[in-house]
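Engineer: Dumping the structure here so I can ask a few things about it.
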Amino acid sequence: MTHVNAIEARNTIKAFGQGDAAVRALDDVSVTIRQGEFFTLLGPSGCGKTTLLRLIAGFEMPSSGMILIDGAEVTNLPPNRRPVNTVFQSYALFPHLTVAENVGFALKMQGRPKAEITETAARMLALVKLEHLAGRKVAQLSGGQQQRVALARALAPQPKVLLLDEPLSALDLKLRKEMQVELKRLQMETGITFVFVTHDQEEALTMSDRIGVMSAGKLQQVGSPRDIYTRPVNRFVASFIGETNFLPVTPSQGGVKLGCGAVVVAEGEGSTLTIRPEQMRLVAAGEPGTLPAQVENLVYFGTDTHLNLRLPDGELLTARVQSPPSGDAGFAAGQAIGVAFLPGAARLIRD
Amino acid sequence: MSPAEEQQIRQSSRNGWLLSAPALVILTLAAMGPLLVVILYSFLTPGQYGNVVWDFSWDGWISILFTRDIFDGTLGLADAHLTIFWRSIKLSLQTTLLTFAVGFPTAWFIATRPPKARALWLFLITIPFWTNLLIRTFAINEVLRSEGLMNTLLMKIGLIAAPIQVMYTDTAVLIGMAYVYLPLMVLPLFAAIDRFDLRLLEAGYDLYASRWQVLRHVILPIVKPGIVAGSILVFVPSLGAYVTPRVLGGGKNMMIGNFIELQFLQGRNWPLGAALSILLLIVVMIALLIYTRAAGKGANPHG
């Protein structure tokens, strides 16, 4: 198959500073982003996700390694010669231009005919539903509207790849949810490959086709949201995406042995067992095949209730149960109960 | 609003006028007074030993452009005057361009330094202001003259065999004025560039603009108010410059300022001097009007 990858980064290293003081913002990262996919780079601030994006855009040059866009090497090309466009976190709209002029800027720089620029700008503004504001100066727009202009501006030249650098972080929660839907719609309609950078794991899970989880300049895991959530490869990924419990285990006949002596079945390899709070069944104390535990306290979250449980060896375990109509989960602090892991829920991971 | 309240507001606004009356009187006398005298003098007849004779005459204004033939009394175009006006405008425009060419990279350099270094650079830029203009001009003289720094250096390294005659030419005046007025260009440019969001550069490059296009379509339009302010600040005093053309131009290459001085001293033609002064004032006012127009247009709502 002659399918070309939208983006390929090969062993890219980006070091800032000199000699011993050098910091590796990107430490040997290789990643492949497919045509037409919504790819998210997820990680805490300072993990290198924005650096990777800037390397793809061409604002930074890698210390070593290679970047390919659409099968062609671009490692040392300046940003204006790469077929990618960026939606900046600060939007970076041109204050001296109108909304339509902002959107048509790239085409104007490419020397396209005036009629085409006007037509494309109008079409892009219609795409983000801002056609009525074409003549405004950007300073007269709200944050959400500026965001849409930034999107239209970056999409206007029909880039091979659209890079989005935490574009939603400046918006309030309601607007952010709206824009998430909007972004997904735009990606479907245009068919353009989106590379989205965020530190918000929920945003990443709901929007992406695939996620690359980054930490400390390294790509920890790449996979679909389901993969990442249900089969994290290490402790960082498991704890960064969603909530989870970690229990130290030792190998044992027929499974792994917990600190409290109970033996459970778990997939994977490693010396730490991870189990999501919602993947446990809480039953009456003493039921066979369950772990004995004591309820320390309950935290009511509305849709569900969190129970902090104490295992006999002193380990803490958080479980989540859906709140019933009455709101009362039916447990009380100090109560002794039995805990059963849902089949396939417990996984072993490396640290 | 009750009548009593209205009364009170009227009263307080009247009090306001009364309180500012002394300042207004002084302003009127100090600013308008001399100006009115100058306007008045421009319509009088020159006295034999300077001063004026109180006879109304248009001659002061007419002789700005025309000269009366000594023999038959017919009016002819005053070429010498036109040369001086042209030189003044040309040199002022050149000074503005030169200070911009040097000042823009300088201001950009300063504005992109870290805050601490920035303060130091700005301080260095303003140091020449502490010295008297005359002394600064003589310092330039020391650099430019035939046995001066520039020629000695160029001859030492063998670039030239004989000294270049720069002193007492328009070039010397241009260099001198550009040096003297450079801070007036750099400071407003710095203020404009300092407000410029450098992230817009990346946006420009990202949207396929070359370096030149980014300068032309992003940087220059956004810092335009600073460019206009700096240009006016340099152009206006250049037009009326007196000391620099006198010292570096040698009195031979006059500008309007020197020409006005000539009328009041050796020329003994006060009405012409007065008319020239008013003309200069009008030109400057027009320049300022253009400036406020341009700045008003460039100002954005949150700027």
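Ordering of the structure tokens sets the chain letters (A, B, ...), residue numbers begin anew at 1 in every chain, and ligands are numbered from 1 in the order given.
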So that each row is one residue of chain A with an atom at most 10 Å from chain B, can you give its shortest atom pair and the distance in Å to one decimal, using only C-alpha atoms, rows by chain and rising number, as a tab-separated table?
Structural biologist:
```
residue	atom	partner	partner_atom	distance
A:Ala57	CA	B:Asp206	CA	7.3
A:Gly58	CA	B:Asp206	CA	8.2
A:Phe59	CA	B:Glu202	CA	7.2
A:Pro78	CA	B:Tyr205	CA	8.0
A:Pro79	CA	B:Asp206	CA	5.2
A:Asn80	CA	B:Tyr208	CA	3.9
A:Arg81	CA	B:Tyr208	CA	6.5
A:Arg82	CA	B:Tyr208	CA	8.1
A:Pro83	CA	B:Tyr208	CA	8.8
A:Val84	CA	B:Asp206	CA	7.6
A:Asn85	CA	B:Asp206	CA	5.9
A:Thr86	CA	B:Asp206	CA	6.7
A:Val87	CA	B:Ala203	CA	8.6
A:Phe88	CA	B:Ala203	CA	7.8
A:Ser90	CA	B:Arg199	CA	8.2
A:Tyr91	CA	B:Ala203	CA	8.7
A:Ala92	CA	B:Leu200	CA	5.4
A:Leu93	CA	B:Leu200	CA	7.1
A:Phe94	CA	B:Leu200	CA	6.9
A:Pro95	CA	B:Ile222	CA	7.6
A:His96	CA	B:Ile222	CA	6.2
A:Leu97	CA	B:Val218	CA	9.4
A:Val103	CA	B:Leu207	CA	9.9
A:Gly104	CA	B:Leu207	CA	9.7
A:Phe105	CA	B:Leu207	CA	7.0
A:Ala106	CA	B:Leu207	CA	4.6
A:Leu107	CA	B:Leu207	CA	8.2
A:Lys108	CA	B:Ala209	CA	8.9
A:Met109	CA	B:Ala209	CA	5.3
A:Gln110	CA	B:Tyr208	CA	6.6
A:Lys137	CA	B:Asn300	CA	8.9
A:Ala139	CA	B:Pro301	CA	7.2
A:Gln140	CA	B:Pro301	CA	8.2
A:Ala150	CA	B:Ala203	CA	10.0
A:Arg153	CA	B:Leu207	CA	8.5
A:Ala154	CA	B:Leu207	CA	7.4
A:Ala156	CA	B:Leu207	CA	9.6
A:Pro157	CA	B:Leu207	CA	8.1
A:Pro159	CA	B:Leu207	CA	9.9
```
Engineer: Taking 3 positions as the minimum chain separation for residues in the same chain, which residues sit within 12 Å of Ile67 of chain A when counting only C-alpha atoms? Answer as a count of residues only.
Structural biologist: 35
Engineer: Find the distance between atom CA of Glu261 of chain B and atom CA of Asn132 of chain B and write it in Å to one decimal.
Structural biologist: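 Computing it gives 20.1 Å between the two atoms.
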Engineer: I need the residues in segment 164-275 of chain B that are helix (DSSP H, G or I) according to DSSP; give them as a count of residues only.
Structural biologist: 83
Engineer: My list of candidates is A:Thr98, A:Gln294, A:Gln322, A:Asn308. Which is closest to Gln335 of chain A when distances are computed with only C-alpha atoms?
Structural biologist: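 Looking at the shortest contact to Gln335 of chain A, the residue is A:Gln294.
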Engineer: May I have the residues within 10 Å of Thr83 of chain B as a list in words, using only C-alpha atoms and disregarding those fewer than 6 positions away in the same chain?
Structural biologist: Ile89, Asn253, Met254 and Met255 of chain B
Engineer: Residues near Thr126 of chain B, anyone? I mean within 10 Å using only C-alpha atoms, not counting same-chain ones fewer than 2 positions away, as a list in words.
Structural biologist: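 So, after excluding close chain neighbours, the residues are Trp121, Leu122, Phe123, Leu124, Pro128, Phe129, Trp130, Leu182, Pro183, Leu184, Val186 and Leu187 of chain B.
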Engineer: Using only C-alpha atoms, please write the residues we just selected to a file, as a CSV table (one decimal), in the first residue's frame.
Structural biologist:
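again-v7.csv, written as the output of this step:
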```
chain,number,residue,atom,x,y,z
B,121,TRP,CA,20.4,50.3,26.4
B,122,LEU,CA,17.6,52.9,26.7
B,123,PHE,CA,19.8,54.7,29.2
B,124,LEU,CA,22.7,54.7,26.8
B,128,PRO,CA,23.7,62.4,24.4
B,129,PHE,CA,20.7,64.4,25.6
B,130,TRP,CA,22.6,65.4,28.7
B,182,LEU,CA,18.5,59.8,16.5
B,183,PRO,CA,17.1,59.3,20.0
B,184,LEU,CA,13.9,61.1,19.0
B,186,VAL,CA,14.5,55.4,18.6
B,187,LEU,CA,12.4,56.2,21.6
```
Engineer: Choose the residue, out of B:Asp72, B:Asp194, B:Asp170, B:Glu5, that has the smallest atom-to-atom separation from Gly226 of chain B; count only C-alpha atoms.
Structural biologist: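 Looking only at the distances to Gly226 of chain B, the closest residue turns out to be B:Asp194.
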Engineer: At a cut-off of 12 Å, can you tabulate as a tab-separated table every residue of segment 153-172 of chain B near segment 90-111 of chain B together with its closest atom pair and the distance in Å to one decimal, using only C-alpha atoms and ordering rows by chain then number?
Structural biologist:
```
residue	atom	partner	partner_atom	distance
B:Thr169	CA	B:Leu91	CA	11.3
B:Asp170	CA	B:Leu91	CA	7.6
B:Thr171	CA	B:Leu91	CA	8.8
B:Ala172	CA	B:Leu91	CA	10.5
```
